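A.B. asks: Enclosed is the structure file query.tsv (TSV, C-alpha atoms and all ligand atoms).
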chain	number	residue	atom	x	y	z
A	193	MET	CA	32.42	11.40	19.52
A	194	GLN	CA	32.11	9.42	16.29
A	195	ARG	CA	31.39	11.41	13.10
A	196	VAL	CA	29.23	9.26	10.83
A	197	LEU	CA	28.31	9.85	7.18
A	198	VAL	CA	25.34	8.05	5.58
A	199	THR	CA	24.97	8.15	1.78
A	200	GLY	CA	21.60	7.27	0.22
A	201	ALA	CA	20.03	8.07	3.60
A	202	GLY	CA	16.60	8.71	2.06
A	203	GLY	CA	16.22	5.19	0.69
A	204	GLN	CA	14.34	2.17	2.00
A	205	ILE	CA	17.14	1.09	4.34
A	206	GLY	CA	18.93	4.41	4.96
A	207	SER	CA	15.74	6.10	6.17
A	208	GLU	CA	15.39	3.52	8.98
A	209	LEU	CA	19.10	3.09	9.68
A	210	THR	CA	19.84	6.82	10.05
A	211	PRO	CA	17.53	7.49	13.05
A	212	ILE	CA	18.98	4.41	14.80
A	213	LEU	CA	22.53	5.63	14.17
A	214	ARG	CA	21.50	9.02	15.59
A	215	LYS	CA	20.27	7.32	18.76
A	216	ARG	CA	23.66	5.62	19.07
A	217	HIS	CA	25.97	8.49	18.13
A	218	GLY	CA	23.88	11.62	18.77
A	219	THR	CA	21.83	13.56	16.22
A	220	SER	CA	24.60	15.98	15.28
A	221	GLY	CA	27.14	13.13	14.97
A	222	VAL	CA	25.37	11.53	11.98
A	223	VAL	CA	25.30	13.45	8.68
A	224	ALA	CA	22.61	12.12	6.33
A	225	THR	CA	23.11	12.66	2.59
A	226	ASP	CA	21.17	11.85	-0.56
A	227	ILE	CA	20.45	13.35	-3.97
A	228	ARG	CA	16.98	14.36	-2.75
A	229	ARG	CA	16.04	16.24	0.41
A	230	PRO	CA	13.90	14.35	2.97
A	231	GLY	CA	10.34	15.57	3.56
A	232	ALA	CA	9.61	17.37	6.83
A	233	ALA	CA	7.91	14.20	8.14
A	234	SER	CA	10.99	12.04	7.49
A	235	ALA	CA	12.40	10.23	10.52
A	236	PHE	CA	15.81	11.87	9.97
A	237	ALA	CA	14.69	15.40	9.02
A	238	ASP	CA	15.71	16.63	12.48
A	239	GLY	CA	19.51	16.38	12.03
A	240	PRO	CA	22.27	17.41	9.64
A	241	PHE	CA	21.50	16.72	5.97
A	242	GLU	CA	23.49	17.47	2.81
A	243	ILE	CA	22.60	16.99	-0.83
A	244	VAL	CA	25.39	14.76	-2.17
A	245	ASP	CA	25.66	12.89	-5.46
A	246	VAL	CA	28.10	10.05	-4.80
A	247	ARG	CA	29.35	10.37	-8.39
A	248	ASP	CA	30.84	13.75	-7.41
A	249	ARG	CA	34.31	12.78	-6.18
A	250	GLU	CA	35.28	16.27	-4.96
A	251	ARG	CA	32.05	16.65	-3.00
A	252	ILE	CA	32.64	13.34	-1.20
A	253	ARG	CA	36.31	14.24	-0.54
A	254	SER	CA	35.55	17.63	0.95
A	255	LEU	CA	32.66	16.34	3.05
A	256	VAL	CA	34.75	13.55	4.57
A	257	ALA	CA	37.68	15.91	5.20
A	258	ASP	CA	35.75	18.96	6.44
A	259	LEU	CA	33.46	17.00	8.79
A	260	ARG	CA	36.32	14.73	9.97
A	261	ILE	CA	34.19	11.67	9.20
A	262	ASP	CA	35.40	8.45	10.82
A	263	THR	CA	32.59	6.02	9.88
A	264	ILE	CA	30.67	5.73	6.60
A	265	TYR	CA	27.49	3.79	5.81
A	266	HIS	CA	27.38	3.84	2.02
A	267	MET	CA	23.73	3.09	1.13
A	268	ALA	CA	23.40	5.03	-2.16
A	269	ALA	CA	22.77	2.71	-5.10
A	270	ILE	CA	20.63	1.95	-8.14
A	271	LEU	CA	18.79	-1.35	-7.60
A	272	SER	CA	18.21	-4.24	-9.98
A	273	ALA	CA	15.07	-3.30	-11.91
A	274	THR	CA	16.01	0.38	-12.30
A	275	GLY	CA	19.52	-0.78	-13.17
A	276	GLU	CA	18.22	-2.86	-16.09
A	277	ALA	CA	16.30	0.20	-17.34
A	278	ASN	CA	19.47	2.31	-17.13
A	279	PRO	CA	22.57	0.06	-16.88
A	280	ARG	CA	25.05	2.89	-17.39
A	281	LEU	CA	23.56	4.87	-14.49
A	282	ALA	CA	23.74	1.73	-12.31
A	283	TRP	CA	27.44	1.31	-13.13
A	284	GLU	CA	28.26	4.97	-12.54
A	285	VAL	CA	26.45	5.20	-9.20
A	286	ASN	CA	27.22	1.72	-7.83
A	287	VAL	CA	30.83	1.37	-9.00
A	288	GLY	CA	31.86	5.01	-9.55
A	289	GLY	CA	30.17	6.21	-6.36
A	290	TRP	CA	31.70	3.40	-4.31
A	291	ALA	CA	35.16	4.14	-5.78
A	292	ASN	CA	34.78	7.78	-4.69
A	293	VAL	CA	33.82	6.74	-1.15
A	294	LEU	CA	36.72	4.27	-0.96
A	295	GLU	CA	39.23	6.87	-2.17
A	296	ALA	CA	38.03	9.45	0.35
A	297	ALA	CA	38.20	6.78	3.08
A	298	ARG	CA	41.78	5.97	2.08
A	299	GLU	CA	42.92	9.59	1.71
A	300	PHE	CA	41.44	10.74	5.03
A	301	SER	CA	41.95	7.50	7.01
A	302	VAL	CA	38.27	6.85	7.74
A	303	GLY	CA	38.14	4.25	10.53
A	304	ARG	CA	35.33	1.98	9.31
A	305	VAL	CA	33.15	1.77	6.20
A	306	PHE	CA	30.00	-0.27	5.53
A	307	CYS	CA	28.75	-1.03	2.00
A	308	PRO	CA	25.91	-3.47	1.38
A	309	SER	CA	26.18	-6.13	-1.27
A	310	SER	CA	23.24	-8.24	-2.42
A	311	ILE	CA	21.89	-11.64	-3.41
A	312	ALA	CA	22.19	-10.13	-6.90
A	313	VAL	CA	25.91	-11.11	-6.96
A	314	PHE	CA	24.74	-14.65	-7.67
A	315	GLY	CA	23.70	-15.81	-11.13
A	316	PRO	CA	22.18	-18.79	-12.89
A	317	GLU	CA	25.39	-20.85	-12.53
A	318	THR	CA	25.46	-20.44	-8.70
A	319	PRO	CA	24.10	-23.38	-6.64
A	320	ARG	CA	20.64	-22.16	-5.59
A	321	ASP	CA	19.71	-24.10	-2.47
A	322	PRO	CA	21.61	-22.76	-0.67
A	323	ALA	CA	24.00	-20.31	-2.34
A	324	PRO	CA	27.35	-21.00	-0.62
A	325	GLN	CA	29.51	-18.22	0.82
A	326	LEU	CA	32.32	-18.89	-1.63
A	327	THR	CA	30.88	-19.76	-5.04
A	328	VAL	CA	30.44	-18.88	-8.71
A	329	LEU	CA	29.63	-15.14	-9.09
A	330	ARG	CA	28.44	-14.62	-12.66
A	331	PRO	CA	25.34	-12.39	-12.36
A	332	THR	CA	23.31	-11.43	-15.42
A	333	THR	CA	22.14	-7.96	-14.28
A	334	MET	CA	24.16	-4.73	-14.31
A	335	TYR	CA	23.20	-4.32	-10.65
A	336	GLY	CA	24.68	-7.75	-9.86
A	337	LEU	CA	27.85	-6.99	-11.85
A	338	SER	CA	28.26	-3.72	-9.96
A	339	LYS	CA	27.82	-5.47	-6.59
A	340	VAL	CA	30.42	-8.17	-7.41
A	341	THR	CA	32.81	-5.38	-8.43
A	342	GLY	CA	31.99	-3.53	-5.21
A	343	GLU	CA	32.79	-6.57	-3.06
A	344	LEU	CA	36.09	-7.20	-4.85
A	345	VAL	CA	37.28	-3.59	-4.82
A	346	GLY	CA	36.27	-3.25	-1.15
A	347	ASP	CA	38.34	-6.32	-0.28
A	348	TYR	CA	41.20	-4.85	-2.32
A	349	TYR	CA	41.22	-1.69	-0.16
A	350	VAL	CA	41.26	-3.86	2.99
A	351	HIS	CA	44.27	-5.86	1.85
A	352	ARG	CA	46.15	-3.16	-0.11
A	353	TYR	CA	45.60	-0.14	2.18
A	354	GLY	CA	44.65	-1.72	5.51
A	355	LEU	CA	41.22	-0.08	5.64
A	356	ASP	CA	38.39	-1.58	7.72
A	357	ILE	CA	35.59	-2.15	5.21
A	358	ARG	CA	32.61	-4.40	5.88
A	359	GLY	CA	29.66	-5.59	3.84
A	360	LEU	CA	26.72	-7.98	3.79
A	361	ARG	CA	24.87	-9.65	0.95
A	362	TYR	CA	21.42	-8.47	1.94
A	363	PRO	CA	18.45	-10.57	0.81
A	364	GLY	CA	15.34	-8.69	-0.38
A	365	ILE	CA	14.44	-6.32	2.46
A	366	ILE	CA	10.81	-6.04	3.61
A	367	SER	CA	9.77	-2.93	5.53
A	368	SER	CA	6.81	-0.69	6.33
A	369	GLU	CA	8.34	2.82	6.55
A	370	ALA	CA	9.92	3.93	3.23
A	371	PRO	CA	8.94	2.31	-0.08
A	372	PRO	CA	11.53	0.12	-1.83
A	373	GLY	CA	13.62	1.80	-4.52
A	374	GLY	CA	13.25	-0.13	-7.78
A	375	GLY	CA	14.35	-3.70	-7.06
A	376	THR	CA	13.11	-7.13	-8.09
A	377	THR	CA	12.10	-8.06	-4.53
A	378	ASP	CA	9.82	-4.98	-4.26
A	379	TYR	CA	6.71	-7.17	-4.76
A	380	ALA	CA	7.21	-8.57	-1.25
A	381	VAL	CA	6.65	-5.02	0.10
A	382	ASP	CA	4.08	-3.73	-2.43
A	383	ILE	CA	1.83	-6.74	-1.74
A	384	PHE	CA	1.29	-5.56	1.87
A	385	TYR	CA	0.31	-2.01	0.87
A	386	GLN	CA	-2.13	-3.29	-1.75
A	387	ALA	CA	-3.54	-6.02	0.53
A	388	ILE	CA	-4.34	-3.44	3.21
A	389	GLN	CA	-5.54	-0.62	0.95
A	390	ALA	CA	-7.27	-2.52	-1.89
A	391	GLU	CA	-7.42	-6.21	-0.78
A	392	GLN	CA	-6.07	-7.03	-4.25
A	393	TYR	CA	-2.56	-7.23	-5.73
A	394	THR	CA	-1.14	-8.17	-9.12
A	395	CYS	CA	2.27	-9.67	-8.49
A	396	PHE	CA	5.02	-9.28	-11.10
A	397	VAL	CA	6.61	-12.69	-10.44
A	398	ARG	CA	5.09	-16.19	-10.71
A	399	PRO	CA	3.46	-17.69	-7.58
A	400	ASP	CA	6.19	-20.37	-7.30
A	401	THR	CA	9.04	-17.81	-7.24
A	402	VAL	CA	11.12	-18.33	-4.10
A	403	LEU	CA	13.69	-15.74	-3.00
A	404	PRO	CA	15.73	-15.00	0.15
A	405	MET	CA	14.13	-12.16	2.15
A	406	MET	CA	14.70	-10.37	5.45
A	407	TYR	CA	12.60	-8.11	7.66
A	408	MET	CA	13.98	-4.61	8.28
A	409	PRO	CA	14.65	-5.07	12.03
A	410	ASP	CA	16.91	-8.03	11.15
A	411	CYS	CA	18.56	-6.02	8.36
A	412	ILE	CA	19.45	-3.24	10.84
A	413	LYS	CA	20.50	-5.78	13.46
A	414	ALA	CA	22.84	-7.55	11.02
A	415	THR	CA	24.32	-4.26	9.82
A	416	LEU	CA	25.10	-3.00	13.33
A	417	ALA	CA	26.32	-6.42	14.54
A	418	LEU	CA	28.79	-6.64	11.68
A	419	MET	CA	29.96	-3.05	12.25
A	420	ASP	CA	30.41	-3.73	15.99
A	421	ALA	CA	32.28	-7.04	15.55
A	422	ASP	CA	35.97	-7.27	16.43
A	423	PHE	CA	37.99	-6.97	13.22
A	424	GLY	CA	40.07	-9.98	14.30
A	425	ARG	CA	37.00	-12.26	14.25
A	426	LEU	CA	36.14	-11.46	10.62
A	427	SER	CA	37.14	-14.13	8.12
A	428	ARG	CA	35.43	-12.14	5.32
A	429	HIS	CA	35.16	-8.40	4.72
A	430	CYS	CA	32.77	-7.11	2.04
A	431	ASP	CA	30.69	-10.18	1.19
A	432	TYR	CA	29.08	-11.97	4.17
A	433	ASN	CA	26.01	-14.04	3.22
A	434	VAL	CA	23.14	-13.32	5.67
A	435	ALA	CA	19.83	-15.17	5.59
A	436	GLY	CA	16.47	-14.28	7.11
A	437	MET	CA	13.70	-16.32	5.52
A	438	SER	CA	12.77	-17.76	2.12
A	439	PHE	CA	9.25	-18.12	0.73
A	440	SER	CA	7.39	-18.20	-2.57
A	441	ALA	CA	5.12	-15.35	-3.67
A	442	ALA	CA	2.13	-17.69	-3.20
A	443	GLU	CA	3.22	-18.57	0.35
A	444	LEU	CA	3.48	-14.85	1.17
A	445	ALA	CA	-0.02	-14.20	-0.22
A	446	ALA	CA	-1.39	-17.13	1.82
A	447	GLU	CA	0.24	-15.80	4.99
A	448	ILE	CA	-1.28	-12.34	4.39
A	449	ARG	CA	-4.68	-13.98	3.84
A	450	LYS	CA	-4.54	-15.30	7.44
A	451	HIS	CA	-4.86	-11.62	8.49
A	452	ILE	CA	-6.98	-10.32	5.56
A	453	PRO	CA	-9.16	-13.27	4.44
A	454	SER	CA	-10.66	-11.36	1.48
A	455	PHE	CA	-7.21	-10.62	-0.04
A	456	VAL	CA	-6.85	-11.75	-3.66
A	457	CYS	CA	-3.45	-12.05	-5.36
A	458	GLU	CA	-3.11	-12.39	-9.13
A	459	TYR	CA	0.08	-12.93	-11.10
A	460	ALA	CA	1.36	-11.15	-14.22
A	461	PRO	CA	5.10	-11.83	-14.49
A	462	ASP	CA	7.15	-9.14	-16.29
A	463	PHE	CA	10.88	-8.64	-17.04
A	464	ARG	CA	11.68	-8.94	-13.33
A	465	GLN	CA	10.79	-12.67	-13.44
A	466	ALA	CA	14.03	-13.42	-15.32
A	467	ILE	CA	16.03	-11.49	-12.71
A	468	ALA	CA	14.34	-13.37	-9.86
A	469	ASP	CA	14.96	-16.69	-11.64
A	470	SER	CA	18.69	-15.92	-11.79
A	471	TRP	CA	18.94	-15.55	-7.98
A	472	PRO	CA	19.17	-18.32	-5.36
A	473	LEU	CA	16.36	-19.70	-3.20
A	474	CYS	CA	18.29	-19.25	0.04
A	475	LEU	CA	21.78	-18.50	1.38
A	476	ASP	CA	24.27	-20.40	3.51
A	477	ASP	CA	25.09	-17.84	6.22
A	478	SER	CA	27.07	-20.14	8.52
A	479	LEU	CA	30.18	-17.90	8.39
A	480	ALA	CA	28.17	-14.87	9.59
A	481	ARG	CA	26.69	-17.05	12.36
A	482	GLY	CA	30.14	-18.24	13.43
A	483	ASP	CA	32.17	-15.05	12.97
A	484	TRP	CA	29.86	-12.45	14.54
A	485	ASP	CA	27.00	-14.48	16.06
A	486	TRP	CA	24.37	-13.63	13.42
A	487	ARG	CA	20.84	-14.97	14.14
A	488	PRO	CA	17.67	-13.58	12.47
A	489	ALA	CA	14.68	-12.95	14.74
A	490	TYR	CA	11.83	-12.91	12.17
A	491	ASP	CA	10.30	-15.65	10.03
A	492	LEU	CA	7.47	-15.41	7.47
A	493	ALA	CA	4.70	-15.59	10.09
A	494	THR	CA	6.14	-13.04	12.55
A	495	MET	CA	7.22	-10.63	9.81
A	496	THR	CA	3.78	-10.76	8.14
A	497	ALA	CA	1.93	-10.20	11.42
A	498	ASP	CA	4.10	-7.16	12.22
A	499	MET	CA	3.84	-5.66	8.70
A	500	VAL	CA	0.04	-6.02	8.68
A	501	ARG	CA	-0.26	-4.53	12.17
A	502	ARG	CA	1.93	-1.50	11.31
A	503	LEU	CA	0.28	-0.76	7.96
A	504	LYS	CA	-3.26	-1.18	9.33
A	505	LEU	CA	-2.38	1.38	11.99
A	506	ARG	CA	-0.88	3.72	9.37
A	507	PHE	CA	-3.91	3.53	7.05
A	508	GLY	CA	-6.50	3.48	9.84
A	509	LYS	CA	-7.84	0.02	8.85
B	1	LIG	P1	16.91	2.64	-2.24
B	1	LIG	O1	16.83	2.64	-3.73
B	1	LIG	O2	15.66	2.61	-1.47
B	1	LIG	O3	17.76	3.87	-1.74
B	1	LIG	C1	18.94	4.26	-2.39
B	1	LIG	C2	19.11	5.73	-2.15
B	1	LIG	O4	20.25	6.15	-2.92
B	1	LIG	C3	17.92	6.57	-2.62
B	1	LIG	O5	17.45	7.40	-1.57
B	1	LIG	C4	18.47	7.40	-3.78
B	1	LIG	O6	17.94	8.72	-3.83
B	1	LIG	C5	19.95	7.42	-3.45
B	1	LIG	N1	20.77	7.65	-4.64
B	1	LIG	C6	20.57	7.20	-5.90
B	1	LIG	N2	21.52	7.68	-6.72
B	1	LIG	C7	22.34	8.44	-5.95
B	1	LIG	C8	23.50	9.21	-6.22
B	1	LIG	N3	24.01	9.32	-7.46
B	1	LIG	N4	24.11	9.84	-5.19
B	1	LIG	C9	23.59	9.76	-3.94
B	1	LIG	N5	22.49	9.07	-3.62
B	1	LIG	C10	21.87	8.42	-4.63
B	1	LIG	O7	17.85	1.42	-1.84
B	1	LIG	P2	17.91	0.63	-0.46
B	1	LIG	O8	16.96	-0.48	-0.57
B	1	LIG	O9	17.81	1.55	0.68
B	1	LIG	O10	19.36	0.02	-0.58
B	1	LIG	C11	20.47	0.47	0.17
B	1	LIG	C12	21.64	-0.44	-0.14
B	1	LIG	O11	21.29	-1.79	0.20
B	1	LIG	C13	22.05	-0.47	-1.61
B	1	LIG	O12	23.43	-0.65	-1.71
B	1	LIG	C14	21.35	-1.71	-2.13
B	1	LIG	O13	22.00	-2.24	-3.25
B	1	LIG	C15	21.47	-2.62	-0.93
B	1	LIG	N6	20.50	-3.70	-0.94
B	1	LIG	C16	19.16	-3.42	-0.77
B	1	LIG	C17	18.26	-4.47	-0.77
B	1	LIG	C18	16.78	-4.24	-0.58
B	1	LIG	O14	15.99	-5.19	-0.74
B	1	LIG	N7	16.36	-3.03	-0.23
B	1	LIG	C19	18.70	-5.79	-0.97
B	1	LIG	C20	20.05	-6.01	-1.18
B	1	LIG	C21	20.94	-4.97	-1.14
B	2	LIG	N1	16.19	-5.99	-3.33
B	2	LIG	C1	17.24	-5.87	-4.28
B	2	LIG	C2	16.70	-5.86	-5.66
B	2	LIG	O1	15.72	-6.52	-5.87
B	2	LIG	C3	18.22	-7.00	-4.14
B	2	LIG	O2	19.46	-6.47	-3.99
B	2	LIG	O3	17.27	-5.24	-6.50
Would you mind writing the file out in structure tokens?
Ligand code: NAD
Ligand code: SER
C.D. replies:
Amino acid sequence: MQRVLVTGAGGQIGSELTPILRKRHGTSGVVATDIRRPGAASAFADGPFEIVDVRDRERIRSLVADLRIDTIYHMAAILSATGEANPRLAWEVNVGGWANVLEAAREFSVGRVFCPSSIAVFGPETPRDPAPQLTVLRPTTMYGLSKVTGELVGDYYVHRYGLDIRGLRYPGIISSEAPPGGGTTDYAVDIFYQAIQAEQYTCFVRPDTVLPMMYMPDCIKATLALMDADFGRLSRHCDYNVAGMSFSAAELAAEIRKHIPSFVCEYAPDFRQAIADSWPLCLDDSLARGDWDWRPAYDLATMTADMVRRLKLRFGK
């Protein structure tokens, strides 16, 4: 039986990934960890959970050794907007935490490790439409810097120590279960909650802001497809571009209005506008498509219809 460790399991992605991993590997085979305990209603409250701060090297070492972990999904991170509020914390968690996971994986010969990267690795000097797989990586946020470092150090452990480490550059992830954790793309989730509960939203980026996005089912599908792929087929390791959809904030509001005609969206750009402006409009994911057969299932219309349906059910609307 595989023994799987998930860090940052309580976050937007980890809280949906963990129950799916438990279906695959058995509840007791997947140990969820985070710095905060999940509520009783959490989808992964039923299985093993440990409080773990990824900055604590000894804690990570002993957990990996004692539980004989052979697969790690490293989801703990500080995202872009929170990272700009506290750049040192972002560096310590994103780079220091990842270094601790990599060292434990090396020391205890963990079989496979997943660590997400992000569209935040790109910066204003990257071609924007689309951002190529291999291109200029000069981000302007601490989050982006930490993700470029994470990709490079992950690749180093593959080539230097022969570890099997895999990673995707996720676009902004849209989902209906757990709230997003302090990123620049959070508006594309918040807008749904406000549209359904208040029929009004004030968006923190301009209406013409276009960013790459992906619906959670595609995010999970891409993650598992990459982890399942034959190592020999992979021409990249820690930095695959994956694309879902791209749309402007105004196009998203218009799509939501097809379901909630009275919805009004206003715009009051804040410091996150500059971060969004430094990221590309879309990604070239042809290597992911060729190497491990990546295809997204959701576009703007199908994602919006599903988000509205789920949240209306949740809020009894
Ligand atoms: P999130 O902020 O929702 O969750 C991150 C989790 O990490 C939180 O539960 C938090 O409590 C935990 N955490 C924070 N500091 C920690 C520490 N010191 N030790 C242990 N845990 C800690 O983030 P997410 O959206 O679930 O992102 C998961 C991964 O995917 C991250 O690497 C992120 O950079 C990446 N990613 C996310 C998106 C997105 O739009 N959600 C896009 C691109 C990349
Ligand atoms: N969704 C993330 C953020 O906005 C992108 O990695 O920070």
A.B. asks: Of the candidates A:Cys395, A:Ala421, A:Ile448, A:Ala390, which one gets nearest to A:Ala460 if we count only C-alpha atoms?
C.D. replies: A:Cys395
A.B. asks: Name the residues in contact with stretch 304-318 of chain A at a cut-off of 8 Å, using all atoms listed in the file, excluding same-chain residues fewer than 2 positions from it; report them as a count of residues only.
C.D. replies: 43
A.B. asks: Nearest to A:Met334: which of A:Pro409, A:Gly206, A:Gly231, A:Pro279 is it, counting only C-alpha atoms?
C.D. replies: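 Among the listed residues, the smallest separation from A:Met334 belongs to A:Pro279.
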A.B. asks: For A:Leu344, which residue among A:His451, A:Arg251, A:Arg428, A:Arg481 is the nearest when counting all atoms listed in the file?
C.D. replies: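 Checking each of A:His451, A:Arg251, A:Arg428, A:Arg481 against A:Leu344, counting all atoms listed in the file, the winner is A:Arg428.
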A.B. asks: Check the smallest atom-to-atom distance from each of A:Asp498, A:Asp378, A:Glu299, A:Asp483 to ligand LIG 2 (chain B) using all atoms listed in the file, then report the winner.
C.D. replies: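 Residue with the minimum atom-to-atom distance to ligand LIG 2 (chain B): A:Asp378.
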A.B. asks: Here is a test: counting only C-alpha atoms and all ligand atoms, which residue of A:Ala480, A:Ile467, A:Ile383, A:Met408 is nearest to ligand LIG 2 (chain B)?
C.D. replies: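 That would be A:Ile467, the residue with the smallest distance to ligand LIG 2 (chain B).
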A.B. asks: With only C-alpha atoms and all ligand atoms as the atoms that count, which of A:Thr274, A:Gln325, A:Asn292, A:Thr377 lies nearest to ligand LIG 2 (chain B)?
C.D. replies: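 Smallest distance to ligand LIG 2 (chain B) is found for A:Thr377.
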A.B. asks: Would you mind reading off the distance between atom CA of A:Ala468 and atom CA of A:Ala380, one decimal, in Å?
C.D. replies: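 The value is 12.2 Å.
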A.B. asks: Between atom CA of A:Arg229 and atom CA of A:Ser301, what is the spacing in Å?
C.D. replies: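 Between these atoms lies a distance of 28.1 Å.
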A.B. asks: Mind pulling up the distance from atom CA of A:Leu271 to atom C10 of ligand LIG 1 (chain B)?
C.D. replies: 10.7 Å
A.B. asks: Please return stretch 299-311 of chain A, rebuilt to N, CA, C and O atoms, as a CSV table (one decimal), in the frame of the given file.
C.D. replies:
chain,number,residue,atom,x,y,z
A,299,GLU,N,42.2,8.3,1.6
A,299,GLU,CA,42.9,9.6,1.7
A,299,GLU,C,42.8,10.2,3.1
A,299,GLU,O,43.8,10.8,3.6
A,300,PHE,N,41.6,10.1,3.7
A,300,PHE,CA,41.4,10.7,5.0
A,300,PHE,C,41.3,9.7,6.2
A,300,PHE,O,40.9,10.1,7.3
A,301,SER,N,41.8,8.5,6.0
A,301,SER,CA,42.0,7.5,7.0
A,301,SER,C,40.7,7.3,7.8
A,301,SER,O,40.7,7.4,9.1
A,302,VAL,N,39.6,7.1,7.1
A,302,VAL,CA,38.3,6.8,7.7
A,302,VAL,C,38.4,5.5,8.5
A,302,VAL,O,38.9,4.5,7.9
A,303,GLY,N,37.9,5.4,9.7
A,303,GLY,CA,38.1,4.2,10.5
A,303,GLY,C,37.4,3.0,10.1
A,303,GLY,O,37.9,1.9,10.2
A,304,ARG,N,36.1,3.2,9.6
A,304,ARG,CA,35.3,2.0,9.3
A,304,ARG,C,34.3,2.4,8.3
A,304,ARG,O,33.7,3.4,8.4
A,305,VAL,N,34.1,1.5,7.3
A,305,VAL,CA,33.2,1.8,6.2
A,305,VAL,C,32.3,0.5,6.0
A,305,VAL,O,32.8,-0.6,6.0
A,306,PHE,N,30.9,0.8,5.8
A,306,PHE,CA,30.0,-0.3,5.5
A,306,PHE,C,29.4,-0.1,4.1
A,306,PHE,O,29.0,1.1,3.8
A,307,CYS,N,29.4,-1.1,3.3
A,307,CYS,CA,28.8,-1.0,2.0
A,307,CYS,C,28.0,-2.3,1.8
A,307,CYS,O,28.6,-3.4,1.7
A,308,PRO,N,26.7,-2.2,1.6
A,308,PRO,CA,25.9,-3.5,1.4
A,308,PRO,C,26.2,-4.1,0.0
A,308,PRO,O,26.3,-3.4,-1.0
A,309,SER,N,26.3,-5.4,0.0
A,309,SER,CA,26.2,-6.1,-1.3
A,309,SER,C,24.8,-6.8,-1.3
A,309,SER,O,23.9,-6.3,-0.6
A,310,SER,N,24.6,-7.8,-2.1
A,310,SER,CA,23.2,-8.2,-2.4
A,310,SER,C,23.2,-9.7,-2.9
A,310,SER,O,24.3,-10.2,-3.4
A,311,ILE,N,22.1,-10.3,-2.8
A,311,ILE,CA,21.9,-11.6,-3.4
A,311,ILE,C,22.0,-11.5,-4.9
A,311,ILE,O,22.2,-12.6,-5.6
